[in-house]
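What follows is a short report on a single structure.
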Amino acid sequence: MPVPLGRAFPVARRLRLLLLPFGSRARTVVVRASPHGETLTIGDVSYTIRAPQNPEYVPIGYWQEPVSQTALAHVRWLLQKELLGQDAFLIGQPGPLRRTIVMQFLELTRREVEFVTLSRDTTETELKQRREICAGTATYVDQCAVRAAVHGRVLLLDGVERAERNVLPVLNNLLENREATLDDGRHLIAPHRYDHLLNEHGQAELNAWKAVRVSENFRVIALGLPVPRYHGNPLDPPLRSRFLARHVPPPPFKDQLERLYATAPNVPAESLSQLLAFATAINSKEGKSLNLPDFPTDSMTAASLLLAQQPGQPLRPIIERLYPYKAMLPLQDCGTVEHLLESKARHGRARLNRQWSNKATIGHN
């Protein structure tokens, strides 16, 4: 049955938006100067960069060309949440990948950051306020969450699954309503409500109330691991609903292989392919079904540099250094890993032969 002409365009637009994440369109990063400042554009998302008041709080050195399209997609998503004024939660496997993506986003947008690593020993005072002795007097000193809210910075919470269940709900009201009551008697108030009270009562009365305006640029980005796949405490449902979550999987095989080639161009391609194939097999769904520990994919760059510095070094001892399965697995699981090592060595050689044959065919044509 044909679709009426008036409904054809909305249907086509919806299909295009649904299929957009699976498309192969390349995204680029463009920074242009405009009368209102520099404009950052990633794909079809644009953002006006504001000059930071404290440049020492802006991350540097994380954005290094070339950047894969997968990483650009994550940065673009964070840029969309920034424009919408929403808090984000990145979830994925252990490693620095999620934190690096956030730092790349902050470096591109020149946003100031307040970084805190959560642990079982983290308390409420380390997030809001802490009493310190200054010049013989006990005073309250603002901590990361309060400083980020007042100065309009990004609060980066790393390791939310390690925090105790009674710690993060302290930030619940600050995340939902942008309001909080501090120990020194001050009250953090949402920007729209503060501006309304300012018009009605004036600045002097708000100062008497110890009211503090929360910046409209205040954002929270949380990093966590999937629980119960990994050890930790799951987020409470009220707190979890304050974030928009995004899963950050490991980079695709092609992107990781290209990075290894660029890091160690003198290492035989067969060795790098075998190393990456083994790591991919361990971290695949089949490897997780066997309850095998994750392979530290972020250490493969160091392994490729070690192969480059020692050309005659065999690959297997390096893999055993990165993944000491004989020391942490029972005997039957060690046999499974040994089988993976042998099979991935054969598959790596076969994959490499196919790549060289395809390049030869393209060159001949």
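Ordering of the structure tokens sets the chain letters (A, B, ...), residue numbers begin anew at 1 in every chain, and ligands are numbered from 1 in the order given.
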Quick one: residues within 10 Å of range 309-314 of chain A, only C-alpha atoms, excluding same-chain residues fewer than 2 positions away - as number ranges by chain?
A: 264, 266-268, 271, 303-307, 316-319
Keeping N, CA, C and O atoms, export the residues of the selection given above as a PDB file, in the first residue's frame.
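File selection_22.pdb, as written:
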```
ATOM      1  N   ALA A 264      53.548   1.386  16.597  1.00  0.00           N
ATOM      2  CA  ALA A 264      54.750   0.573  16.361  1.00  0.00           C
ATOM      3  C   ALA A 264      54.774   0.134  14.894  1.00  0.00           C
ATOM      4  O   ALA A 264      54.426  -1.006  14.575  1.00  0.00           O
ATOM      5  N   ASN A 266      57.229  -0.521  13.005  1.00  0.00           N
ATOM      6  CA  ASN A 266      58.292  -1.472  12.667  1.00  0.00           C
ATOM      7  C   ASN A 266      58.016  -2.886  13.160  1.00  0.00           C
ATOM      8  O   ASN A 266      58.757  -3.812  12.807  1.00  0.00           O
ATOM      9  N   VAL A 267      56.986  -3.074  13.960  1.00  0.00           N
ATOM     10  CA  VAL A 267      56.645  -4.403  14.464  1.00  0.00           C
ATOM     11  C   VAL A 267      55.906  -5.161  13.367  1.00  0.00           C
ATOM     12  O   VAL A 267      55.074  -4.589  12.646  1.00  0.00           O
ATOM     13  N   PRO A 268      56.200  -6.448  13.182  1.00  0.00           N
ATOM     14  CA  PRO A 268      55.462  -7.226  12.174  1.00  0.00           C
ATOM     15  C   PRO A 268      53.960  -7.163  12.422  1.00  0.00           C
ATOM     16  O   PRO A 268      53.482  -7.285  13.552  1.00  0.00           O
ATOM     17  N   SER A 271      52.250 -10.039  14.398  1.00  0.00           N
ATOM     18  CA  SER A 271      52.314 -10.040  15.864  1.00  0.00           C
ATOM     19  C   SER A 271      51.247  -9.133  16.460  1.00  0.00           C
ATOM     20  O   SER A 271      50.568  -9.494  17.431  1.00  0.00           O
ATOM     21  N   ALA A 303      52.611  -2.770  25.077  1.00  0.00           N
ATOM     22  CA  ALA A 303      53.138  -4.032  24.564  1.00  0.00           C
ATOM     23  C   ALA A 303      53.701  -3.859  23.158  1.00  0.00           C
ATOM     24  O   ALA A 303      54.755  -4.426  22.822  1.00  0.00           O
ATOM     25  N   SER A 304      53.031  -3.073  22.314  1.00  0.00           N
ATOM     26  CA  SER A 304      53.548  -2.833  20.963  1.00  0.00           C
ATOM     27  C   SER A 304      54.862  -2.059  20.998  1.00  0.00           C
ATOM     28  O   SER A 304      55.771  -2.324  20.202  1.00  0.00           O
ATOM     29  N   LEU A 305      54.992  -1.108  21.930  1.00  0.00           N
ATOM     30  CA  LEU A 305      56.253  -0.384  22.067  1.00  0.00           C
ATOM     31  C   LEU A 305      57.365  -1.304  22.550  1.00  0.00           C
ATOM     32  O   LEU A 305      58.525  -1.171  22.123  1.00  0.00           O
ATOM     33  N   LEU A 306      57.025  -2.259  23.414  1.00  0.00           N
ATOM     34  CA  LEU A 306      58.021  -3.222  23.875  1.00  0.00           C
ATOM     35  C   LEU A 306      58.478  -4.117  22.731  1.00  0.00           C
ATOM     36  O   LEU A 306      59.672  -4.442  22.606  1.00  0.00           O
ATOM     37  N   LEU A 307      57.550  -4.516  21.871  1.00  0.00           N
ATOM     38  CA  LEU A 307      57.922  -5.300  20.700  1.00  0.00           C
ATOM     39  C   LEU A 307      58.800  -4.493  19.745  1.00  0.00           C
ATOM     40  O   LEU A 307      59.690  -5.039  19.086  1.00  0.00           O
ATOM     41  N   ARG A 316      54.414 -14.383  22.974  1.00  0.00           N
ATOM     42  CA  ARG A 316      53.737 -15.080  24.066  1.00  0.00           C
ATOM     43  C   ARG A 316      54.188 -14.597  25.451  1.00  0.00           C
ATOM     44  O   ARG A 316      53.338 -14.382  26.333  1.00  0.00           O
ATOM     45  N   PRO A 317      55.473 -14.410  25.736  1.00  0.00           N
ATOM     46  CA  PRO A 317      55.841 -13.885  27.064  1.00  0.00           C
ATOM     47  C   PRO A 317      55.241 -12.514  27.351  1.00  0.00           C
ATOM     48  O   PRO A 317      54.903 -12.215  28.507  1.00  0.00           O
ATOM     49  N   ILE A 318      55.100 -11.685  26.329  1.00  0.00           N
ATOM     50  CA  ILE A 318      54.508 -10.369  26.547  1.00  0.00           C
ATOM     51  C   ILE A 318      53.028 -10.512  26.892  1.00  0.00           C
ATOM     52  O   ILE A 318      52.510  -9.805  27.783  1.00  0.00           O
ATOM     53  N   ILE A 319      52.334 -11.422  26.230  1.00  0.00           N
ATOM     54  CA  ILE A 319      50.931 -11.651  26.552  1.00  0.00           C
ATOM     55  C   ILE A 319      50.789 -12.169  27.980  1.00  0.00           C
ATOM     56  O   ILE A 319      49.876 -11.768  28.716  1.00  0.00           O
TER      57      ILE A 319
END
```
### Message
Excluding Met328 in chain A and its own-chain neighbours fewer than 4 positions away, which residues fall within 10 Å of it when counting only C-alpha atoms? Please give them as a ChimeraX atom specification.
### Response
/A:292-293,323-324,333-334
Write the residues of the preceding selection, restricted to N, CA and C atoms, as a short mmCIF file (atom, residue, chain, number, x, y, z; two decimals), in the first residue's frame.
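Writing done, so here's selection14.cif:
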```cif
data_model
loop_
_atom_site.label_atom_id
_atom_site.label_comp_id
_atom_site.auth_asym_id
_atom_site.auth_seq_id
_atom_site.Cartn_x
_atom_site.Cartn_y
_atom_site.Cartn_z
N LEU A 292 36.13 -15.58 32.33
CA LEU A 292 37.54 -15.21 32.24
C LEU A 292 37.71 -13.74 32.59
N PRO A 293 38.77 -13.38 33.31
CA PRO A 293 39.01 -11.96 33.61
C PRO A 293 39.24 -11.16 32.33
N TYR A 323 48.60 -10.54 30.80
CA TYR A 323 47.47 -11.39 31.23
C TYR A 323 48.03 -12.63 31.90
N PRO A 324 48.44 -12.55 33.17
CA PRO A 324 49.06 -13.69 33.86
C PRO A 324 48.03 -14.74 34.25
N ASP A 333 40.80 -23.69 33.35
CA ASP A 333 40.66 -22.43 32.63
C ASP A 333 41.96 -22.04 31.92
N CYS A 334 43.10 -22.45 32.47
CA CYS A 334 44.36 -22.20 31.78
C CYS A 334 44.40 -22.92 30.44
#
```
Next on the checklist: From the options A:Arg186, A:His151, A:Arg219, A:His192, which residue's atoms come nearest to Phe89 in chain A, counting only C-alpha atoms?
Outcome noted: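 The closest residue to Phe89 in chain A is A:Arg219.
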Using only C-alpha atoms, determine which residues lie at most 10 Å from range 230-234 of chain A, disregarding the query and same-chain residues fewer than 4 positions distant; provide the list as a short mmCIF file (atom, residue, chain, number, x, y, z; two decimals) with all heavy atoms, in the first residue's frame.
```cif
data_model
loop_
_atom_site.label_atom_id
_atom_site.label_comp_id
_atom_site.auth_asym_id
_atom_site.auth_seq_id
_atom_site.Cartn_x
_atom_site.Cartn_y
_atom_site.Cartn_z
N GLN A 93 33.57 -1.00 30.48
CA GLN A 93 34.54 -1.88 31.11
C GLN A 93 35.60 -1.06 31.86
O GLN A 93 35.78 0.13 31.59
CB GLN A 93 35.21 -2.77 30.06
CG GLN A 93 34.26 -3.75 29.38
CD GLN A 93 34.98 -4.63 28.39
OE1 GLN A 93 36.17 -4.49 28.15
NE2 GLN A 93 34.25 -5.54 27.78
N PRO A 94 36.32 -1.69 32.80
CA PRO A 94 37.38 -0.96 33.51
C PRO A 94 38.46 -0.47 32.55
O PRO A 94 38.76 -1.11 31.54
CB PRO A 94 37.94 -2.02 34.48
CG PRO A 94 36.84 -3.02 34.64
CD PRO A 94 36.12 -3.05 33.33
N ARG A 120 35.39 3.55 48.76
CA ARG A 120 34.60 3.17 49.94
C ARG A 120 34.83 4.12 51.11
O ARG A 120 34.00 4.21 52.01
CB ARG A 120 34.97 1.74 50.37
CG ARG A 120 34.61 0.68 49.35
CD ARG A 120 35.02 -0.71 49.83
NE ARG A 120 34.39 -1.03 51.10
CZ ARG A 120 34.62 -2.14 51.78
NH1 ARG A 120 35.49 -3.04 51.32
NH2 ARG A 120 34.00 -2.38 52.93
N GLY A 159 34.13 6.29 39.28
CA GLY A 159 33.99 5.13 40.16
C GLY A 159 32.79 5.20 41.07
O GLY A 159 32.91 4.96 42.28
N VAL A 160 31.62 5.52 40.52
CA VAL A 160 30.43 5.65 41.36
C VAL A 160 30.01 4.30 41.97
O VAL A 160 29.33 4.27 42.99
CB VAL A 160 29.26 6.24 40.55
CG1 VAL A 160 29.56 7.66 40.14
CG2 VAL A 160 28.95 5.39 39.32
N GLU A 161 30.45 3.20 41.35
CA GLU A 161 30.07 1.89 41.91
C GLU A 161 30.84 1.57 43.18
O GLU A 161 30.46 0.66 43.93
CB GLU A 161 30.29 0.79 40.86
CG GLU A 161 31.73 0.36 40.65
CD GLU A 161 32.55 1.36 39.84
OE1 GLU A 161 31.92 2.26 39.23
OE2 GLU A 161 33.78 1.24 39.83
N ARG A 162 31.92 2.30 43.47
CA ARG A 162 32.72 2.04 44.67
C ARG A 162 32.25 2.84 45.87
O ARG A 162 32.67 2.56 47.00
CB ARG A 162 34.19 2.36 44.40
CG ARG A 162 34.84 1.47 43.36
CD ARG A 162 36.34 1.67 43.35
NE ARG A 162 36.71 3.01 42.94
CZ ARG A 162 36.99 3.37 41.69
NH1 ARG A 162 36.95 2.45 40.73
NH2 ARG A 162 37.34 4.61 41.39
N ALA A 163 31.41 3.83 45.66
CA ALA A 163 30.96 4.68 46.77
C ALA A 163 29.91 3.94 47.60
O ALA A 163 29.15 3.10 47.08
CB ALA A 163 30.38 5.98 46.24
N GLU A 164 29.86 4.25 48.87
CA GLU A 164 28.85 3.67 49.74
C GLU A 164 27.47 4.21 49.37
O GLU A 164 27.32 5.31 48.85
CB GLU A 164 29.16 3.99 51.21
CG GLU A 164 30.44 3.35 51.72
CD GLU A 164 30.34 1.83 51.78
OE1 GLU A 164 29.21 1.32 51.88
OE2 GLU A 164 31.39 1.17 51.71
N ARG A 165 26.45 3.42 49.69
CA ARG A 165 25.09 3.76 49.25
C ARG A 165 24.55 5.03 49.92
O ARG A 165 23.60 5.63 49.40
CB ARG A 165 24.15 2.59 49.54
CG ARG A 165 24.52 1.31 48.80
CD ARG A 165 23.54 0.20 49.12
NE ARG A 165 22.22 0.51 48.61
CZ ARG A 165 21.78 0.16 47.41
NH1 ARG A 165 22.58 -0.50 46.58
NH2 ARG A 165 20.56 0.46 47.02
N GLY A 224 31.09 4.84 35.63
CA GLY A 224 30.85 3.66 36.44
C GLY A 224 30.99 2.39 35.65
O GLY A 224 31.11 2.40 34.41
N LEU A 225 30.97 1.28 36.37
CA LEU A 225 31.05 -0.05 35.78
C LEU A 225 29.70 -0.74 35.89
O LEU A 225 28.92 -0.45 36.81
CB LEU A 225 32.11 -0.90 36.51
CG LEU A 225 33.52 -0.33 36.59
CD1 LEU A 225 34.41 -1.29 37.36
CD2 LEU A 225 34.07 -0.08 35.21
N PRO A 226 29.39 -1.64 34.98
CA PRO A 226 28.13 -2.39 35.10
C PRO A 226 28.17 -3.36 36.28
O PRO A 226 29.08 -4.17 36.41
CB PRO A 226 28.02 -3.13 33.76
CG PRO A 226 29.42 -3.20 33.24
CD PRO A 226 30.12 -1.98 33.75
N ARG A 240 19.72 7.19 39.92
CA ARG A 240 19.98 6.75 38.55
C ARG A 240 19.12 7.50 37.54
O ARG A 240 19.53 7.73 36.40
CB ARG A 240 19.74 5.25 38.46
CG ARG A 240 20.13 4.64 37.12
CD ARG A 240 20.08 3.13 37.17
NE ARG A 240 18.74 2.64 37.45
CZ ARG A 240 18.41 1.88 38.48
NH1 ARG A 240 19.34 1.54 39.36
NH2 ARG A 240 17.18 1.46 38.68
#
```
Excluding Tyr325 in chain A and any residue of its chain fewer than 4 positions from it, enumerate the residues within 8 Å of it, using only C-alpha atoms, and give them as a CSV table (one decimal) with N, CA and C atoms, in the first residue's frame.
```
chain,number,residue,atom,x,y,z
A,320,GLU,N,51.7,-13.0,28.4
A,320,GLU,CA,51.6,-13.6,29.8
A,320,GLU,C,51.9,-12.5,30.8
A,329,LEU,N,44.2,-18.2,37.4
A,329,LEU,CA,43.1,-19.1,36.9
A,329,LEU,C,43.4,-20.5,37.3
A,334,CYS,N,43.1,-22.5,32.5
A,334,CYS,CA,44.4,-22.2,31.8
A,334,CYS,C,44.4,-22.9,30.4
A,337,VAL,N,42.5,-20.8,27.9
A,337,VAL,CA,43.3,-19.7,27.5
A,337,VAL,C,44.4,-20.1,26.5
```
